[in-house]
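The structure appears right after this line, and notes come after that.
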Amino acid sequence: MAQSQYRIGFDVGGTFTDFVLQTPTGEIRTAKRLTTYPDPSQACLAGLDDLLARAGCPWTALAQAVHGTTIGSNLVIERKGRDVALITTRGFRDVLIIGRSKRYQVYDLQIEKPRPLIPRRLIAEVPERVLADGSVLERLDEDEARRVIRGLAARGVRTVAVCLLHAYVNPAHERRLADIVAEEAPGISVSLSHEVSPTFREYERSSTTVVNAYIMGAIREYLESLRGEMGRRGYGGRLFIMQSSGGIATAEAMERYPVRMIESGPAAGTLMAAAYGELSGHRDLIAFDMGGTTAKLALIHGGRPLVTSLFELHRVGGAAGSGLPMNIQALDLVEIGAGGGSIATARLGVIGVGPESASSTPGPACYARGGTAPTVTDADLVLGYLNPDRFAGGSMRLDVAKAREAIEERVARPLGLTLAEAAWGIHLVVNSNMELATRVVSIERGHDPRHLTLVAFGGSGPVHGCRLAQALRIPRVILPAAAGVTAALGLLSAEVKFDVARSYVRRLDAVDPGHLGTMYREMEAQALQVVHESAVEGEIGIQRTADLRYVGQGYELNVPVPPGALGEHQLARVREAFDGAYQLRYGVAAPEEPVEVVTWKLTAVGAGPRLALPRAPRGGGAAAALEGRRQAYFPEKGGYVDAPVYDRYRLPAGAEIQGPAIVEERESTTVLPPGCGARVDDWGSLIVEVGA
């Protein structure tokens, strides 16, 4: 794909859908539109039509379209999947119900485990048994399998997840079951665990396969409809989808493996945060993405986002082990219900914020779309941080009176507070919620936030970023240009990528190099096939890693595996890498203890067109960008003060601003508290030095 072509990225969030268009000259054009429910593709298509028309770009001239969406996670969280069944080995019908015996809150007597996506009446068993070494103890009973499949078809089942014991070692029975489904009920789609998640741990593998099956039908319909509408408008290229791992793949590949795009949108923003950090010379970062519905945080170490191979969706209070587990490669994100639309309430004499959200419909009270509950956006408006006439680039006007009324009636009056105290309390509480999540991705990962840089983006991120940094004593904040559409920008910076993993559990000193080499060649062929489908030009890179643990442990750390043949010397390097990673995470290592490898992983990466960010012009200072002043609330100054308001687009590189101040742009607003000073770098980012 040539660099000098039109490329577009569009990211669906809970409240807004963001768009970024890169022109052949490298110019970046952006847009925002309220997300439409129940069909988010309506906002996507309307926004694409509008942005392309304003840029004078016909659909036929568009070379690439990249999409990020949370439709998969929403389907799971809201339990909107239909007509999905599970077939498993006889005796293992209750794997999803039992889950893990571990309690995520030891002293909570009312603990609730994640409700299985598939009810027990739609979980069927077949007689068969494969042992852990791949040998067959009991052959598949094909007559019983046919009876089971006919019974599921009679119940209206449209998608079946197949997860048989130890199929990751020997998938013969799963493959035969798929053939029988095709013969007995050709209209039923099938997800096979050895294709979706060929790794050990029965519960996690079953959960991953079930999630894939659960969202497969809806994702296929959504993507086929979106591709069809784009094609009817004249788009002749392929639609690419952002994966949870931070790479993109074709929509066709994601229709087969939709579980890989479960956290599609948030991953793109983290990639872009790493890019902005690299440009400013900072490689150890916290990516902070605060939108209208949620806040997402991720740790970036040495310029690369941390990755996890066990992702949990819909955690209860953010507690590990409380969500639905999935064995997928995903950026290690922590997501909480703290966004501009998070609803504020008076609870037991104090202010509570979230996780409930007003979303885009009806939206915050100030949207004047029928919402009456006070939200974080209403509070920020009352505090003077937001311009009611320029919200979302002026595409909608905010109603200050409705925001005041909602906060007064629902928060201030019940708690005996003034309007300003209530609005400031909402602002503080949501910041406190995000502070706890930031500690999870930094301190709990072995990194001191005082030695990191915060990259704040999303529509609400720059409003709250500096206060969050002050609370955690983070010395520096990067506020990118076009911060409100950073995730959509990240879609255009992502590489084509596909991950493959297989369990081969052995002590490191007992690994068979011949078997390992054969396995890696098979994994490489599978990954290359998917990347080649994306019409990638040029060389495709191969990256290998493995999950290791000390013998007897139950949790692993991921470390790199050297390229080429794996002999004694190369495996010794793997061991050294593991001891180093263990020391970093836990502060101690045991080089004398034996180590075992659990899962071997491979990623194929095809480089695509680079996203060329425009440079900010030089010359002049901040005075020329001063638009005026307005009353904004800063308690350090005693309440409301006359704060200067700057136009972000007129700030040249090198310009400096001292807080308290407000900087406005189309997609977001930056709030600089007292004691914070900002400088515009060569790429238009505000580099903020944080004062206490």
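A note on labels: chains of the structure tokens are A, B, ... as shown, every chain counts residues from 1, and ligands are counted from 1 in their shown order.
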Taking only C-alpha atoms into account, produce a table as CSV in which each residue of segment 423-467 of chain A with an atom at most 9 Å from an atom of segment 299-323 of chain A appears once, together with its shortest atom pair and the distance in Å to one decimal, ordered by chain and rising number.
residue,atom,partner,partner_atom,distance
A:Ala437,CA,A:Gly318,CA,8.1
A:Thr438,CA,A:Leu299,CA,9.0
A:Val441,CA,A:Leu299,CA,5.8
A:Ser442,CA,A:Leu299,CA,6.5
A:Arg445,CA,A:Leu299,CA,8.3
A:His447,CA,A:Leu299,CA,8.9
Report task. Name the residues in contact with Arg256 of chain A at a cut-off of 12 Å, using only C-alpha atoms, excluding same-chain residues fewer than 5 positions from it; report them as a list in words. Result ->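 Final neighbour list, sorted by chain and number: Ser189, Val190, Ser191, Leu192, Glu195, Val196, Thr209, Asn212, Ala213, Ile215, Met216, Gly217, Ala218, Ile219, Arg220, Leu223, Ala249, Thr250, Ala251, Met261 and Val530 of chain A.
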Quick one: write out the picked residues with C-alpha atoms as a PDB file, in the first residue's frame?
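The result, written out as again-v6.pdb:
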ATOM      1  CA  SER A 189     -21.330 -22.457  13.216  1.00  0.00           C
ATOM      2  CA  VAL A 190     -18.572 -24.131  15.232  1.00  0.00           C
ATOM      3  CA  SER A 191     -15.759 -22.822  17.452  1.00  0.00           C
ATOM      4  CA  LEU A 192     -13.099 -25.440  18.245  1.00  0.00           C
ATOM      5  CA  GLU A 195      -8.113 -23.481  17.032  1.00  0.00           C
ATOM      6  CA  VAL A 196      -9.272 -20.685  19.336  1.00  0.00           C
ATOM      7  CA  THR A 209     -13.853 -20.881  23.284  1.00  0.00           C
ATOM      8  CA  ASN A 212     -15.592 -16.813  20.771  1.00  0.00           C
ATOM      9  CA  ALA A 213     -18.753 -18.772  19.951  1.00  0.00           C
ATOM     10  CA  ILE A 215     -20.089 -13.326  19.945  1.00  0.00           C
ATOM     11  CA  MET A 216     -19.336 -15.000  16.598  1.00  0.00           C
ATOM     12  CA  GLY A 217     -22.778 -14.639  15.028  1.00  0.00           C
ATOM     13  CA  ALA A 218     -23.325 -11.013  16.016  1.00  0.00           C
ATOM     14  CA  ILE A 219     -19.773  -9.986  15.064  1.00  0.00           C
ATOM     15  CA  ARG A 220     -20.100 -11.679  11.668  1.00  0.00           C
ATOM     16  CA  LEU A 223     -18.820  -6.769  10.072  1.00  0.00           C
ATOM     17  CA  ALA A 249      -6.110  -8.106  10.983  1.00  0.00           C
ATOM     18  CA  THR A 250      -8.725  -8.380   8.265  1.00  0.00           C
ATOM     19  CA  ALA A 251     -12.405  -8.403   9.162  1.00  0.00           C
ATOM     20  CA  MET A 261     -11.077  -8.263  19.170  1.00  0.00           C
ATOM     21  CA  VAL A 530      -3.410 -14.827   8.252  1.00  0.00           C
TER      22      VAL A 530
END
Query raised in the report: What are the DSSP strand (DSSP E) residues of segment 165-385 of chain A, as number ranges by chain?
Result: A: 189-192, 239-242, 248-250, 285-290, 295-301, 304-305, 307-308, 311-313, 324-326, 330-331, 333-336, 342-347, 350-357
**Report entry** Contacts of Leu333 of chain A at 7 Å (only C-alpha atoms; same-chain gap of 4+ positions) as a PyMOL selection string
**Finding:** chain A and resi 296-298
With C-alpha atoms retained, write the just-selected residues as a short mmCIF file (atom, residue, chain, number, x, y, z; two decimals), in the first residue's frame.
data_model
loop_
_atom_site.label_atom_id
_atom_site.label_comp_id
_atom_site.auth_asym_id
_atom_site.auth_seq_id
_atom_site.Cartn_x
_atom_site.Cartn_y
_atom_site.Cartn_z
CA LYS A 296 -8.51 2.66 30.60
CA LEU A 297 -4.98 2.52 31.97
CA ALA A 298 -1.93 0.58 30.78
#
Requested in this report: Choose the residue, out of A:Glu252, A:Glu524, A:Asp509, A:Glu138, that has the smallest atom-to-atom separation from Val574 of chain A; count only C-alpha atoms.
Outcome: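 For Val574 of chain A, the nearest of the given residues is A:Asp509.
Rounded to one decimal, atom CA of Gly393 of chain A and atom CA of Ser342 of chain A lie 21.3 Å from each other.
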**Report entry** Shell around segment 678-692 of chain A at 6 Å using only C-alpha atoms, local window under 4 positions removed, as JSON, numbers by chain
**Finding:** {"A": [470, 475, 476, 477, 478, 479, 480, 481, 615, 616, 653, 654, 655, 656, 657]}
I need the residues from that last selection saved to file as a short mmCIF file (atom, residue, chain, number, x, y, z; two decimals), in the first residue's frame (with N, CA and C atoms), if you can.
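Just written: part_36.cif:
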data_model
loop_
_atom_site.label_atom_id
_atom_site.label_comp_id
_atom_site.auth_asym_id
_atom_site.auth_seq_id
_atom_site.Cartn_x
_atom_site.Cartn_y
_atom_site.Cartn_z
N GLN A 470 -0.81 14.73 39.96
CA GLN A 470 -0.49 15.35 41.25
C GLN A 470 -0.73 14.38 42.41
N PRO A 475 5.73 13.02 37.83
CA PRO A 475 6.35 14.33 37.59
C PRO A 475 5.97 14.99 36.27
N ARG A 476 5.44 14.21 35.32
CA ARG A 476 5.29 14.76 33.97
C ARG A 476 4.04 14.18 33.30
N VAL A 477 3.35 15.00 32.53
CA VAL A 477 2.18 14.57 31.78
C VAL A 477 2.35 14.98 30.33
N ILE A 478 2.07 14.06 29.41
CA ILE A 478 2.05 14.36 27.99
C ILE A 478 0.59 14.42 27.55
N LEU A 479 0.19 15.54 26.99
CA LEU A 479 -1.17 15.73 26.49
C LEU A 479 -1.09 15.87 24.97
N PRO A 480 -1.34 14.79 24.22
CA PRO A 480 -1.14 14.83 22.77
C PRO A 480 -2.09 15.79 22.07
N ALA A 481 -1.66 16.28 20.91
CA ALA A 481 -2.58 17.01 20.05
C ALA A 481 -3.68 16.06 19.60
N ARG A 615 4.09 18.28 12.18
CA ARG A 615 4.84 19.06 13.15
C ARG A 615 4.13 20.38 13.44
N ALA A 616 4.28 20.84 14.66
CA ALA A 616 3.69 22.13 15.03
C ALA A 616 4.56 23.26 14.50
N ALA A 653 5.05 25.62 18.53
CA ALA A 653 6.05 24.83 19.24
C ALA A 653 6.94 25.76 20.05
N GLY A 654 7.20 25.37 21.28
CA GLY A 654 8.03 26.18 22.16
C GLY A 654 7.25 27.10 23.08
N ALA A 655 5.96 27.31 22.80
CA ALA A 655 5.15 28.18 23.65
C ALA A 655 5.00 27.57 25.04
N GLU A 656 4.93 28.42 26.06
CA GLU A 656 4.81 27.96 27.44
C GLU A 656 3.60 28.59 28.11
N ILE A 657 2.94 27.80 28.97
CA ILE A 657 1.74 28.24 29.67
C ILE A 657 1.88 27.84 31.13
#
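Here atom CA of Thr453 of chain A and atom CA of Glu664 of chain A stand 22.2 Å from one another.
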Query raised in the report: Could you pull the residues within 12 Å of Asp133 of chain A, counting only C-alpha atoms, minus those fewer than 4 positions along the same chain, as a list in words?
Result: Arg129, Leu137, Leu165, His166, Ala167, Tyr168, Val169, Asn170, Phe200, Ser503, Tyr504, Val505 and Arg506 of chain A
Same residues, N, CA and C atoms, output as an mmCIF file, in the first residue's frame:
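The resulting file, selection18.cif, is reproduced below:
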data_model
loop_
_atom_site.group_PDB
_atom_site.id
_atom_site.type_symbol
_atom_site.label_atom_id
_atom_site.label_comp_id
_atom_site.auth_asym_id
_atom_site.auth_seq_id
_atom_site.Cartn_x
_atom_site.Cartn_y
_atom_site.Cartn_z
ATOM 1 N N ARG A 129 -12.273 -39.547 25.491
ATOM 2 C CA ARG A 129 -11.262 -39.145 26.475
ATOM 3 C C ARG A 129 -9.875 -39.197 25.861
ATOM 4 N N LEU A 137 -7.648 -42.530 25.379
ATOM 5 C CA LEU A 137 -8.121 -43.520 26.332
ATOM 6 C C LEU A 137 -9.473 -44.091 25.894
ATOM 7 N N LEU A 165 -11.478 -32.415 26.488
ATOM 8 C CA LEU A 165 -10.331 -32.506 27.383
ATOM 9 C C LEU A 165 -9.042 -32.795 26.606
ATOM 10 N N HIS A 166 -8.015 -31.983 26.865
ATOM 11 C CA HIS A 166 -6.671 -32.135 26.288
ATOM 12 C C HIS A 166 -6.657 -32.067 24.759
ATOM 13 N N ALA A 167 -7.635 -31.370 24.170
ATOM 14 C CA ALA A 167 -7.650 -31.225 22.710
ATOM 15 C C ALA A 167 -6.496 -30.366 22.213
ATOM 16 N N TYR A 168 -5.878 -29.575 23.087
ATOM 17 C CA TYR A 168 -4.732 -28.763 22.668
ATOM 18 C C TYR A 168 -3.536 -29.648 22.328
ATOM 19 N N VAL A 169 -3.497 -30.889 22.845
ATOM 20 C CA VAL A 169 -2.421 -31.830 22.524
ATOM 21 C C VAL A 169 -2.806 -32.696 21.331
ATOM 22 N N ASN A 170 -4.034 -33.208 21.344
ATOM 23 C CA ASN A 170 -4.519 -34.068 20.262
ATOM 24 C C ASN A 170 -5.935 -33.616 19.875
ATOM 25 N N PHE A 200 -3.290 -25.126 27.773
ATOM 26 C CA PHE A 200 -3.819 -25.920 28.874
ATOM 27 C C PHE A 200 -4.578 -25.031 29.860
ATOM 28 N N SER A 503 0.349 -24.981 24.113
ATOM 29 C CA SER A 503 0.899 -25.515 25.361
ATOM 30 C C SER A 503 1.751 -26.748 25.076
ATOM 31 N N TYR A 504 2.957 -26.745 25.639
ATOM 32 C CA TYR A 504 3.861 -27.897 25.595
ATOM 33 C C TYR A 504 4.586 -27.841 26.937
ATOM 34 N N VAL A 505 3.994 -28.491 27.951
ATOM 35 C CA VAL A 505 4.442 -28.346 29.338
ATOM 36 C C VAL A 505 5.608 -29.288 29.603
ATOM 37 N N ARG A 506 6.767 -28.694 29.822
ATOM 38 C CA ARG A 506 7.983 -29.462 30.101
ATOM 39 C C ARG A 506 8.917 -28.635 30.970
#
Query raised in the report: Quick one, how far is atom CA of Gly134 of chain A from atom CA of Pro171 of chain A?
Result: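 Atom CA of Pro171 of chain A lies 8.7 Å from atom CA of Gly134 of chain A.
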If you run DSSP on the backbone, which residues of segment 550-657 of chain A are alpha helix (DSSP H), as a compact mmCIF listing (two decimals) with N, CA and C atoms, in the first residue's frame?
# COMPACT_ATOMS: atom_id res chain seq x y z
N GLU A 568 20.82 -25.92 23.47
CA GLU A 568 21.12 -25.72 24.89
C GLU A 568 21.44 -24.27 25.20
N HIS A 569 22.23 -23.64 24.33
CA HIS A 569 22.64 -22.25 24.56
C HIS A 569 21.43 -21.30 24.51
N GLN A 570 20.57 -21.49 23.52
CA GLN A 570 19.40 -20.61 23.37
C GLN A 570 18.43 -20.78 24.54
N LEU A 571 18.24 -22.02 25.00
CA LEU A 571 17.34 -22.26 26.13
C LEU A 571 17.91 -21.69 27.43
N ALA A 572 19.23 -21.64 27.53
CA ALA A 572 19.86 -21.02 28.71
C ALA A 572 19.56 -19.52 28.73
N ARG A 573 19.51 -18.91 27.54
CA ARG A 573 19.16 -17.48 27.47
C ARG A 573 17.70 -17.26 27.90
N VAL A 574 16.84 -18.21 27.56
CA VAL A 574 15.44 -18.12 27.99
C VAL A 574 15.37 -18.16 29.52
N ARG A 575 16.15 -19.04 30.13
CA ARG A 575 16.19 -19.15 31.59
C ARG A 575 16.67 -17.85 32.22
N GLU A 576 17.70 -17.25 31.67
CA GLU A 576 18.23 -15.99 32.20
C GLU A 576 17.17 -14.89 32.11
N ALA A 577 16.47 -14.86 31.00
CA ALA A 577 15.42 -13.85 30.82
C ALA A 577 14.32 -14.03 31.86
N PHE A 578 13.97 -15.27 32.16
CA PHE A 578 12.92 -15.53 33.14
C PHE A 578 13.35 -15.06 34.53
N ASP A 579 14.58 -15.40 34.94
CA ASP A 579 15.03 -14.98 36.26
C ASP A 579 15.03 -13.46 36.37
N GLY A 580 15.42 -12.77 35.29
CA GLY A 580 15.41 -11.31 35.31
C GLY A 580 14.00 -10.75 35.41
N ALA A 581 13.05 -11.34 34.66
CA ALA A 581 11.67 -10.88 34.70
C ALA A 581 11.06 -11.13 36.08
N TYR A 582 11.40 -12.26 36.69
CA TYR A 582 10.88 -12.59 38.01
C TYR A 582 11.41 -11.61 39.06
N GLN A 583 12.69 -11.27 38.93
CA GLN A 583 13.30 -10.31 39.85
C GLN A 583 12.61 -8.95 39.74
N LEU A 584 12.32 -8.53 38.50
CA LEU A 584 11.66 -7.23 38.28
C LEU A 584 10.26 -7.22 38.86
N ARG A 585 9.51 -8.30 38.67
CA ARG A 585 8.12 -8.32 39.12
C ARG A 585 8.00 -8.48 40.64
N TYR A 586 8.81 -9.39 41.22
CA TYR A 586 8.61 -9.74 42.63
C TYR A 586 9.74 -9.30 43.55
Requested in this report: Just the residues within 12 Å of segment 119-126 of chain A, please, counting only C-alpha atoms, with nothing from its chain fewer than 4 positions along; format it as a VMD selection string.
Outcome: chain A and resid 79 81 to 98 115 138 to 165 173 to 174 177 206 210 214
Residue subset to file, keeping C-alpha atoms, as a CSV table (one decimal), in the first residue's frame:
chain,number,residue,atom,x,y,z
A,79,ARG,CA,-25.4,-11.1,28.0
A,81,GLY,CA,-25.7,-13.6,22.8
A,82,ARG,CA,-28.4,-16.0,21.7
A,83,ASP,CA,-28.7,-19.7,20.7
A,84,VAL,CA,-25.1,-20.8,21.7
A,85,ALA,CA,-24.3,-24.2,23.1
A,86,LEU,CA,-21.2,-26.0,24.4
A,87,ILE,CA,-20.2,-29.6,23.8
A,88,THR,CA,-17.6,-31.0,26.1
A,89,THR,CA,-16.1,-34.3,27.3
A,90,ARG,CA,-18.5,-36.5,29.4
A,91,GLY,CA,-18.1,-35.7,33.1
A,92,PHE,CA,-17.0,-32.0,32.4
A,93,ARG,CA,-20.4,-30.4,31.9
A,94,ASP,CA,-20.0,-28.1,34.9
A,95,VAL,CA,-16.5,-26.7,34.1
A,96,LEU,CA,-17.9,-23.2,33.4
A,97,ILE,CA,-20.1,-23.3,36.5
A,98,ILE,CA,-17.4,-24.5,38.9
A,115,ARG,CA,-22.5,-16.1,35.5
A,138,GLU,CA,-11.7,-43.6,24.9
A,139,ARG,CA,-12.6,-43.1,21.3
A,140,LEU,CA,-15.3,-40.6,20.4
A,141,ASP,CA,-18.7,-42.2,20.4
A,142,GLU,CA,-19.9,-40.8,17.0
A,143,ASP,CA,-23.5,-42.2,17.3
A,144,GLU,CA,-23.9,-40.3,20.6
A,145,ALA,CA,-22.3,-37.2,19.1
A,146,ARG,CA,-24.9,-37.2,16.3
A,147,ARG,CA,-27.7,-37.6,18.7
A,148,VAL,CA,-26.4,-34.7,20.8
A,149,ILE,CA,-26.0,-32.4,17.8
A,150,ARG,CA,-29.5,-33.2,16.4
A,151,GLY,CA,-30.9,-32.4,19.8
A,152,LEU,CA,-29.1,-29.0,20.0
A,153,ALA,CA,-30.3,-28.2,16.4
A,154,ALA,CA,-33.9,-29.0,17.5
A,155,ARG,CA,-33.5,-26.4,20.3
A,156,GLY,CA,-32.6,-23.7,17.8
A,157,VAL,CA,-28.9,-23.6,18.5
A,158,ARG,CA,-27.0,-21.6,15.9
A,159,THR,CA,-23.4,-21.7,17.2
A,160,VAL,CA,-21.6,-24.4,19.1
A,161,ALA,CA,-18.4,-24.2,21.1
A,162,VAL,CA,-16.5,-27.5,21.3
A,163,CYS,CA,-14.0,-27.9,24.1
A,164,LEU,CA,-12.8,-31.5,24.7
A,165,LEU,CA,-10.3,-32.5,27.4
A,173,HIS,CA,-11.9,-35.7,18.3
A,174,GLU,CA,-12.7,-32.0,18.0
A,177,LEU,CA,-17.0,-33.4,15.9
A,206,SER,CA,-13.4,-23.5,27.8
A,210,VAL,CA,-17.3,-20.1,24.6
A,214,TYR,CA,-21.0,-16.4,22.0
